[in-house]
file upload_9.pdb (PDB, N, CA and C atoms)
ATOM      1  N   MET S   1      33.056 -12.682   8.560
ATOM      2  CA  MET S   1      33.791 -11.493   8.872
ATOM      3  C   MET S   1      35.011 -11.924   9.672
ATOM      4  N   ASN S   2      36.126 -11.807   9.055
ATOM      5  CA  ASN S   2      37.330 -12.376   9.647
ATOM      6  C   ASN S   2      38.025 -11.442  10.624
ATOM      7  N   TRP S   3      37.272 -10.582  11.288
ATOM      8  CA  TRP S   3      37.819  -9.732  12.331
ATOM      9  C   TRP S   3      37.504 -10.342  13.684
ATOM     10  N   PRO S   4      38.178  -9.875  14.727
ATOM     11  CA  PRO S   4      37.834 -10.343  16.080
ATOM     12  C   PRO S   4      36.363 -10.037  16.395
ATOM     13  N   ASP S   5      35.785 -10.790  17.320
ATOM     14  CA  ASP S   5      34.355 -10.705  17.623
ATOM     15  C   ASP S   5      33.885  -9.288  17.964
ATOM     16  N   ALA S   6      34.604  -8.577  18.816
ATOM     17  CA  ALA S   6      34.164  -7.240  19.234
ATOM     18  C   ALA S   6      34.107  -6.276  18.058
ATOM     19  N   GLN S   7      35.102  -6.311  17.202
ATOM     20  CA  GLN S   7      35.132  -5.431  16.038
ATOM     21  C   GLN S   7      34.043  -5.829  15.040
ATOM     22  N   THR S   8      33.845  -7.124  14.858
ATOM     23  CA  THR S   8      32.805  -7.616  13.952
ATOM     24  C   THR S   8      31.435  -7.162  14.430
ATOM     25  N   ASN S   9      31.181  -7.258  15.728
ATOM     26  CA  ASN S   9      29.892  -6.849  16.283
ATOM     27  C   ASN S   9      29.645  -5.370  16.036
ATOM     28  N   LYS S  10      30.657  -4.557  16.207
ATOM     29  CA  LYS S  10      30.524  -3.114  15.979
ATOM     30  C   LYS S  10      30.188  -2.818  14.513
ATOM     31  N   ILE S  11      30.852  -3.512  13.595
ATOM     32  CA  ILE S  11      30.581  -3.334  12.160
ATOM     33  C   ILE S  11      29.149  -3.739  11.840
ATOM     34  N   LEU S  12      28.718  -4.892  12.363
ATOM     35  CA  LEU S  12      27.366  -5.376  12.092
ATOM     36  C   LEU S  12      26.298  -4.464  12.689
ATOM     37  N   GLN S  13      26.551  -3.911  13.858
ATOM     38  CA  GLN S  13      25.589  -2.986  14.461
ATOM     39  C   GLN S  13      25.457  -1.713  13.626
ATOM     40  N   THR S  14      26.561  -1.247  13.075
ATOM     41  CA  THR S  14      26.530  -0.078  12.198
ATOM     42  C   THR S  14      25.721  -0.383  10.939
ATOM     43  N   CYS S  15      25.925  -1.561  10.367
ATOM     44  CA  CYS S  15      25.140  -1.976   9.198
ATOM     45  C   CYS S  15      23.662  -2.045   9.549
ATOM     46  N   ARG S  16      23.353  -2.633  10.707
ATOM     47  CA  ARG S  16      21.964  -2.802  11.138
ATOM     48  C   ARG S  16      21.269  -1.448  11.283
ATOM     49  N   GLN S  17      21.964  -0.454  11.806
ATOM     50  CA  GLN S  17      21.386   0.880  11.985
ATOM     51  C   GLN S  17      21.022   1.527  10.652
ATOM     52  N   SER S  18      21.703   1.148   9.588
ATOM     53  CA  SER S  18      21.457   1.724   8.267
ATOM     54  C   SER S  18      20.396   0.969   7.476
ATOM     55  N   MET S  19      19.985  -0.195   7.972
ATOM     56  CA  MET S  19      19.055  -1.043   7.223
ATOM     57  C   MET S  19      17.608  -0.600   7.419
ATOM     58  N   LYS S  20      16.819  -0.788   6.372
ATOM     59  CA  LYS S  20      15.378  -0.551   6.425
ATOM     60  C   LYS S  20      14.682  -1.909   6.588
ATOM     61  N   ALA S  21      13.384  -1.906   6.746
ATOM     62  CA  ALA S  21      12.621  -3.130   7.041
ATOM     63  C   ALA S  21      12.855  -4.248   6.021
ATOM     64  N   ASN S  22      12.987  -3.901   4.748
ATOM     65  CA  ASN S  22      13.145  -4.927   3.714
ATOM     66  C   ASN S  22      14.592  -5.080   3.234
ATOM     67  N   SER S  23      15.541  -4.511   3.955
ATOM     68  CA  SER S  23      16.960  -4.585   3.559
ATOM     69  C   SER S  23      17.508  -5.992   3.724
ATOM     70  N   ARG S  24      18.510  -6.278   2.929
ATOM     71  CA  ARG S  24      19.269  -7.523   3.027
ATOM     72  C   ARG S  24      20.740  -7.146   3.123
ATOM     73  N   LEU S  25      21.439  -7.762   4.054
ATOM     74  CA  LEU S  25      22.879  -7.575   4.186
ATOM     75  C   LEU S  25      23.544  -8.825   3.632
ATOM     76  N   LEU S  26      24.401  -8.650   2.634
ATOM     77  CA  LEU S  26      25.118  -9.774   2.035
ATOM     78  C   LEU S  26      26.571  -9.712   2.475
ATOM     79  N   ILE S  27      27.048 -10.832   2.999
ATOM     80  CA  ILE S  27      28.417 -10.932   3.490
ATOM     81  C   ILE S  27      29.091 -12.066   2.726
ATOM     82  N   LEU S  28      30.221 -11.786   2.099
ATOM     83  CA  LEU S  28      30.989 -12.817   1.406
ATOM     84  C   LEU S  28      32.123 -13.237   2.311
ATOM     85  N   GLU S  29      32.046 -14.458   2.807
ATOM     86  CA  GLU S  29      33.020 -14.956   3.768
ATOM     87  C   GLU S  29      33.191 -16.460   3.628
ATOM     88  N   THR S  30      34.236 -16.957   4.239
ATOM     89  CA  THR S  30      34.440 -18.393   4.356
ATOM     90  C   THR S  30      33.518 -18.911   5.447
ATOM     91  N   VAL S  31      32.745 -19.948   5.148
ATOM     92  CA  VAL S  31      31.884 -20.585   6.137
ATOM     93  C   VAL S  31      32.394 -22.013   6.293
ATOM     94  N   ILE S  32      32.827 -22.326   7.487
ATOM     95  CA  ILE S  32      33.316 -23.676   7.757
ATOM     96  C   ILE S  32      32.116 -24.582   7.991
ATOM     97  N   LYS S  33      31.973 -25.585   7.157
ATOM     98  CA  LYS S  33      30.856 -26.515   7.292
ATOM     99  C   LYS S  33      31.146 -27.492   8.423
ATOM    100  N   ASP S  34      30.081 -27.960   9.066
ATOM    101  CA  ASP S  34      30.236 -28.894  10.178
ATOM    102  C   ASP S  34      30.809 -30.234   9.719
ATOM    103  N   ASN S  35      30.441 -30.664   8.531
ATOM    104  CA  ASN S  35      30.913 -31.950   7.996
ATOM    105  C   ASN S  35      31.378 -31.770   6.560
ATOM    106  N   ASN S  36      32.258 -32.629   6.128
ATOM    107  CA  ASN S  36      32.667 -32.699   4.725
ATOM    108  C   ASN S  36      33.159 -31.372   4.157
ATOM    109  N   ASN S  37      34.109 -30.763   4.822
ATOM    110  CA  ASN S  37      34.664 -29.511   4.304
ATOM    111  C   ASN S  37      35.390 -29.746   2.999
ATOM    112  N   GLU S  38      35.174 -28.833   2.076
ATOM    113  CA  GLU S  38      35.839 -28.923   0.785
ATOM    114  C   GLU S  38      37.332 -28.646   0.945
ATOM    115  N   PRO S  39      38.135 -29.116   0.002
ATOM    116  CA  PRO S  39      39.564 -28.807   0.051
ATOM    117  C   PRO S  39      39.778 -27.296   0.026
ATOM    118  N   GLY S  40      40.686 -26.827   0.833
ATOM    119  CA  GLY S  40      41.016 -25.416   0.854
ATOM    120  C   GLY S  40      40.354 -24.632   1.967
ATOM    121  N   ARG S  41      39.291 -25.152   2.546
ATOM    122  CA  ARG S  41      38.597 -24.399   3.605
ATOM    123  C   ARG S  41      39.471 -24.254   4.848
ATOM    124  N   TYR S  42      40.186 -25.314   5.214
ATOM    125  CA  TYR S  42      41.030 -25.218   6.410
ATOM    126  C   TYR S  42      42.273 -24.386   6.135
ATOM    127  N   GLU S  43      42.732 -24.383   4.910
ATOM    128  CA  GLU S  43      43.888 -23.569   4.574
ATOM    129  C   GLU S  43      43.572 -22.086   4.742
ATOM    130  N   ILE S  44      42.351 -21.684   4.375
ATOM    131  CA  ILE S  44      41.984 -20.282   4.534
ATOM    132  C   ILE S  44      41.908 -19.918   6.012
ATOM    133  N   VAL S  45      41.499 -20.856   6.865
ATOM    134  CA  VAL S  45      41.469 -20.600   8.308
ATOM    135  C   VAL S  45      42.885 -20.324   8.805
ATOM    136  N   LEU S  46      43.844 -21.124   8.370
ATOM    137  CA  LEU S  46      45.231 -20.894   8.763
ATOM    138  C   LEU S  46      45.726 -19.534   8.272
ATOM    139  N   LEU S  47      45.363 -19.185   7.062
ATOM    140  CA  LEU S  47      45.749 -17.884   6.522
ATOM    141  C   LEU S  47      45.171 -16.760   7.380
ATOM    142  N   LEU S  48      43.900 -16.863   7.742
ATOM    143  CA  LEU S  48      43.265 -15.833   8.561
ATOM    144  C   LEU S  48      43.917 -15.726   9.931
ATOM    145  N   LEU S  49      44.203 -16.867  10.538
ATOM    146  CA  LEU S  49      44.810 -16.856  11.867
ATOM    147  C   LEU S  49      46.196 -16.222  11.860
ATOM    148  N   THR S  50      46.926 -16.404  10.775
ATOM    149  CA  THR S  50      48.286 -15.874  10.723
ATOM    150  C   THR S  50      48.363 -14.465  10.140
ATOM    151  N   SER S  51      47.318 -14.021   9.440
ATOM    152  CA  SER S  51      47.356 -12.726   8.773
ATOM    153  C   SER S  51      46.621 -11.620   9.503
ATOM    154  N   PHE S  52      45.622 -11.978  10.290
ATOM    155  CA  PHE S  52      44.797 -10.977  10.955
ATOM    156  C   PHE S  52      44.857 -11.199  12.458
ATOM    157  N   ASP S  53      44.847 -10.117  13.194
ATOM    158  CA  ASP S  53      44.893 -10.194  14.652
ATOM    159  C   ASP S  53      43.552 -10.716  15.173
ATOM    160  N   GLY S  54      43.491 -12.004  15.455
ATOM    161  CA  GLY S  54      42.265 -12.586  15.981
ATOM    162  C   GLY S  54      41.249 -12.942  14.926
ATOM    163  N   GLY S  55      41.562 -12.728  13.674
ATOM    164  CA  GLY S  55      40.628 -13.067  12.608
ATOM    165  C   GLY S  55      40.496 -14.566  12.462
ATOM    166  N   ARG S  56      39.301 -14.996  12.023
ATOM    167  CA  ARG S  56      39.095 -16.427  11.867
ATOM    168  C   ARG S  56      37.878 -16.675  10.995
ATOM    169  N   ALA S  57      37.785 -17.862  10.471
ATOM    170  CA  ALA S  57      36.584 -18.293   9.765
ATOM    171  C   ALA S  57      35.636 -18.891  10.796
ATOM    172  N   ARG S  58      34.355 -18.895  10.480
ATOM    173  CA  ARG S  58      33.351 -19.354  11.430
ATOM    174  C   ARG S  58      32.412 -20.356  10.774
ATOM    175  N   THR S  59      31.707 -21.100  11.622
ATOM    176  CA  THR S  59      30.676 -22.014  11.140
ATOM    177  C   THR S  59      29.393 -21.221  10.897
ATOM    178  N   GLU S  60      28.428 -21.858  10.249
ATOM    179  CA  GLU S  60      27.140 -21.205  10.005
ATOM    180  C   GLU S  60      26.482 -20.809  11.330
ATOM    181  N   GLN S  61      26.552 -21.679  12.333
ATOM    182  CA  GLN S  61      25.949 -21.369  13.629
ATOM    183  C   GLN S  61      26.653 -20.193  14.298
ATOM    184  N   GLU S  62      27.969 -20.117  14.159
ATOM    185  CA  GLU S  62      28.697 -18.983  14.730
ATOM    186  C   GLU S  62      28.289 -17.675  14.055
ATOM    187  N   TYR S  63      28.070 -17.712  12.730
ATOM    188  CA  TYR S  63      27.589 -16.519  12.043
ATOM    189  C   TYR S  63      26.190 -16.156  12.519
ATOM    190  N   ALA S  64      25.325 -17.149  12.679
ATOM    191  CA  ALA S  64      23.955 -16.886  13.152
ATOM    192  C   ALA S  64      23.984 -16.226  14.527
ATOM    193  N   ASP S  65      24.811 -16.733  15.430
ATOM    194  CA  ASP S  65      24.923 -16.167  16.772
ATOM    195  C   ASP S  65      25.485 -14.745  16.733
ATOM    196  N   MET S  66      26.499 -14.538  15.910
ATOM    197  CA  MET S  66      27.131 -13.236  15.787
ATOM    198  C   MET S  66      26.141 -12.210  15.223
ATOM    199  N   LEU S  67      25.377 -12.605  14.220
ATOM    200  CA  LEU S  67      24.376 -11.712  13.642
ATOM    201  C   LEU S  67      23.284 -11.393  14.658
ATOM    202  N   ALA S  68      22.850 -12.396  15.410
ATOM    203  CA  ALA S  68      21.810 -12.189  16.425
ATOM    204  C   ALA S  68      22.275 -11.188  17.482
ATOM    205  N   ASP S  69      23.530 -11.257  17.865
ATOM    206  CA  ASP S  69      24.083 -10.318  18.849
ATOM    207  C   ASP S  69      24.013  -8.876  18.355
ATOM    208  N   ALA S  70      23.983  -8.696  17.036
ATOM    209  CA  ALA S  70      23.932  -7.357  16.447
ATOM    210  C   ALA S  70      22.512  -6.956  16.037
ATOM    211  N   GLY S  71      21.513  -7.774  16.390
ATOM    212  CA  GLY S  71      20.129  -7.456  16.044
ATOM    213  C   GLY S  71      19.735  -7.872  14.642
ATOM    214  N   LEU S  72      20.479  -8.832  14.089
ATOM    215  CA  LEU S  72      20.194  -9.333  12.750
ATOM    216  C   LEU S  72      19.856 -10.824  12.807
ATOM    217  N   LYS S  73      19.302 -11.331  11.721
ATOM    218  CA  LYS S  73      18.942 -12.747  11.643
ATOM    219  C   LYS S  73      19.577 -13.348  10.392
ATOM    220  N   LEU S  74      20.189 -14.492  10.551
ATOM    221  CA  LEU S  74      20.731 -15.214   9.398
ATOM    222  C   LEU S  74      19.559 -15.737   8.586
ATOM    223  N   ASN S  75      19.431 -15.265   7.353
ATOM    224  CA  ASN S  75      18.327 -15.686   6.495
ATOM    225  C   ASN S  75      18.690 -16.940   5.711
ATOM    226  N   ARG S  76      19.904 -16.943   5.133
ATOM    227  CA  ARG S  76      20.373 -18.124   4.403
ATOM    228  C   ARG S  76      21.854 -17.988   4.101
ATOM    229  N   VAL S  77      22.453 -19.131   3.786
ATOM    230  CA  VAL S  77      23.845 -19.183   3.359
ATOM    231  C   VAL S  77      23.869 -19.858   1.994
ATOM    232  N   ILE S  78      24.487 -19.205   1.037
ATOM    233  CA  ILE S  78      24.622 -19.757  -0.313
ATOM    234  C   ILE S  78      26.073 -20.160  -0.485
ATOM    235  N   HIS S  79      26.327 -21.453  -0.567
ATOM    236  CA  HIS S  79      27.688 -21.942  -0.774
ATOM    237  C   HIS S  79      28.009 -21.863  -2.265
ATOM    238  N   THR S  80      29.210 -21.424  -2.565
ATOM    239  CA  THR S  80      29.651 -21.271  -3.948
ATOM    240  C   THR S  80      30.771 -22.271  -4.231
ATOM    241  N   PRO S  81      31.158 -22.424  -5.481
ATOM    242  CA  PRO S  81      32.270 -23.334  -5.793
ATOM    243  C   PRO S  81      33.617 -22.858  -5.245
ATOM    244  N   SER S  82      33.710 -21.586  -4.875
ATOM    245  CA  SER S  82      34.957 -21.061  -4.318
ATOM    246  C   SER S  82      34.964 -21.280  -2.812
ATOM    247  N   TYR S  83      35.982 -20.784  -2.144
ATOM    248  CA  TYR S  83      36.054 -20.908  -0.694
ATOM    249  C   TYR S  83      35.133 -19.908   0.004
ATOM    250  N   LEU S  84      34.528 -18.997  -0.746
ATOM    251  CA  LEU S  84      33.625 -18.004  -0.165
ATOM    252  C   LEU S  84      32.175 -18.447  -0.283
ATOM    253  N   SER S  85      31.390 -18.110   0.717
ATOM    254  CA  SER S  85      29.948 -18.314   0.698
ATOM    255  C   SER S  85      29.286 -16.942   0.820
ATOM    256  N   ILE S  86      28.025 -16.871   0.447
ATOM    257  CA  ILE S  86      27.257 -15.632   0.576
ATOM    258  C   ILE S  86      26.319 -15.808   1.770
ATOM    259  N   ILE S  87      26.491 -14.969   2.761
ATOM    260  CA  ILE S  87      25.670 -15.006   3.960
ATOM    261  C   ILE S  87      24.654 -13.864   3.828
ATOM    262  N   GLU S  88      23.378 -14.215   3.881
ATOM    263  CA  GLU S  88      22.327 -13.218   3.772
ATOM    264  C   GLU S  88      21.702 -13.001   5.147
ATOM    265  N   ALA S  89      21.692 -11.751   5.593
ATOM    266  CA  ALA S  89      21.119 -11.403   6.893
ATOM    267  C   ALA S  89      20.009 -10.375   6.695
ATOM    268  N   VAL S  90      19.010 -10.456   7.570
ATOM    269  CA  VAL S  90      17.898  -9.524   7.579
ATOM    270  C   VAL S  90      17.728  -8.990   9.002
ATOM    271  N   LEU S  91      16.880  -7.982   9.153
ATOM    272  CA  LEU S  91      16.606  -7.461  10.483
ATOM    273  C   LEU S  91      15.927  -8.536  11.320
ATOM    274  N   ALA S  92      16.289  -8.596  12.584
ATOM    275  CA  ALA S  92      15.688  -9.591  13.477
ATOM    276  C   ALA S  92      14.315  -9.155  13.916
TER
END
call {"tool": "encode", "arguments": {"input": "upload_9.pdb", "output": "structure tokens"}}
result
Amino acid sequence: MNWPDAQTNKILQTCRQSMKANSRLLILETVIKDNNNEPGRYEIVLLLLTSFDGGRARTEQEYADMLADAGLKLNRVIHTPSYLSIIEAVLA
């Protein structure tokens, strides 16, 4: 979620309030890998920094922490051939 942290938390809390016990929240975002980033991942970070007020790409751990702050749990991350990954979250 390429919005600033406070706005992202508010969005995630709203999603969490709408979820049922077996719900899954799917987020399509850029996930910066800790090692061996594919070509283009850093370019998207620059685009986010220059296009959105405080927007940025995050690492998997940053997404896990952000989801936890909203009462959600990172279930898994599915990396795709594109610059986007699928982040799956469930109720904590």
call {"tool": "residues_around", "arguments": {"input": "upload_9.pdb", "residues": "Asn9 in chain S", "least_positions_apart": "5", "cutoff": "12 Å", "atoms": "only C-alpha atoms", "output": "list in words"}}
result
Met1, Asn2, Trp3, Pro4, Thr14, Cys15, Arg16, Tyr63, Asp65, Met66, Leu67, Ala68, Asp69, Ala70, Gly71 and Leu72 of chain S
call {"tool": "atom_distance", "arguments": {"input": "upload_9.pdb", "atom1": "atom C of Asn75 in chain S", "atom2": "atom N of Glu62 in chain S"}}
result
12.9 Å
call {"tool": "atom_distance", "arguments": {"input": "upload_9.pdb", "atom1": "CA of Lys73 in chain S", "atom2": "CA of Leu12 in chain S"}}
result
11.2 Å
call {"tool": "closest_residue", "arguments": {"input": "upload_9.pdb", "among": "S:Ala6, S:Met19, S:Val90, S:Leu26", "to": "Leu74 in chain S", "atoms": "only C-alpha atoms"}}
result
S:Val90
call {"tool": "residues_around", "arguments": {"input": "upload_9.pdb", "residues": "Thr59 in chain S", "least_positions_apart": "6", "cutoff": "8 Å", "atoms": "all atoms listed in the file", "output": "list of chain:residue names"}}
result
S:Thr30, S:Val31, S:Ile32, S:Lys33, S:Asp34, S:Asp65
call {"tool": "atom_distance", "arguments": {"input": "upload_9.pdb", "atom1": "CA of Lys10 in chain S", "atom2": "atom N of Ser23 in chain S"}}
result
19.3 Å
call {"tool": "closest_residue", "arguments": {"input": "upload_9.pdb", "among": "S:Ala57, S:Leu91, S:Ile78, S:Ile86", "to": "Asn22 in chain S", "atoms": "all atoms listed in the file"}}
result
S:Leu91
call {"tool": "closest_residue", "arguments": {"input": "upload_9.pdb", "among": "S:Ala92, S:Ile87, S:Val77, S:Asp5", "to": "Ile27 in chain S", "atoms": "only N, CA and C atoms"}}
result
S:Ile87
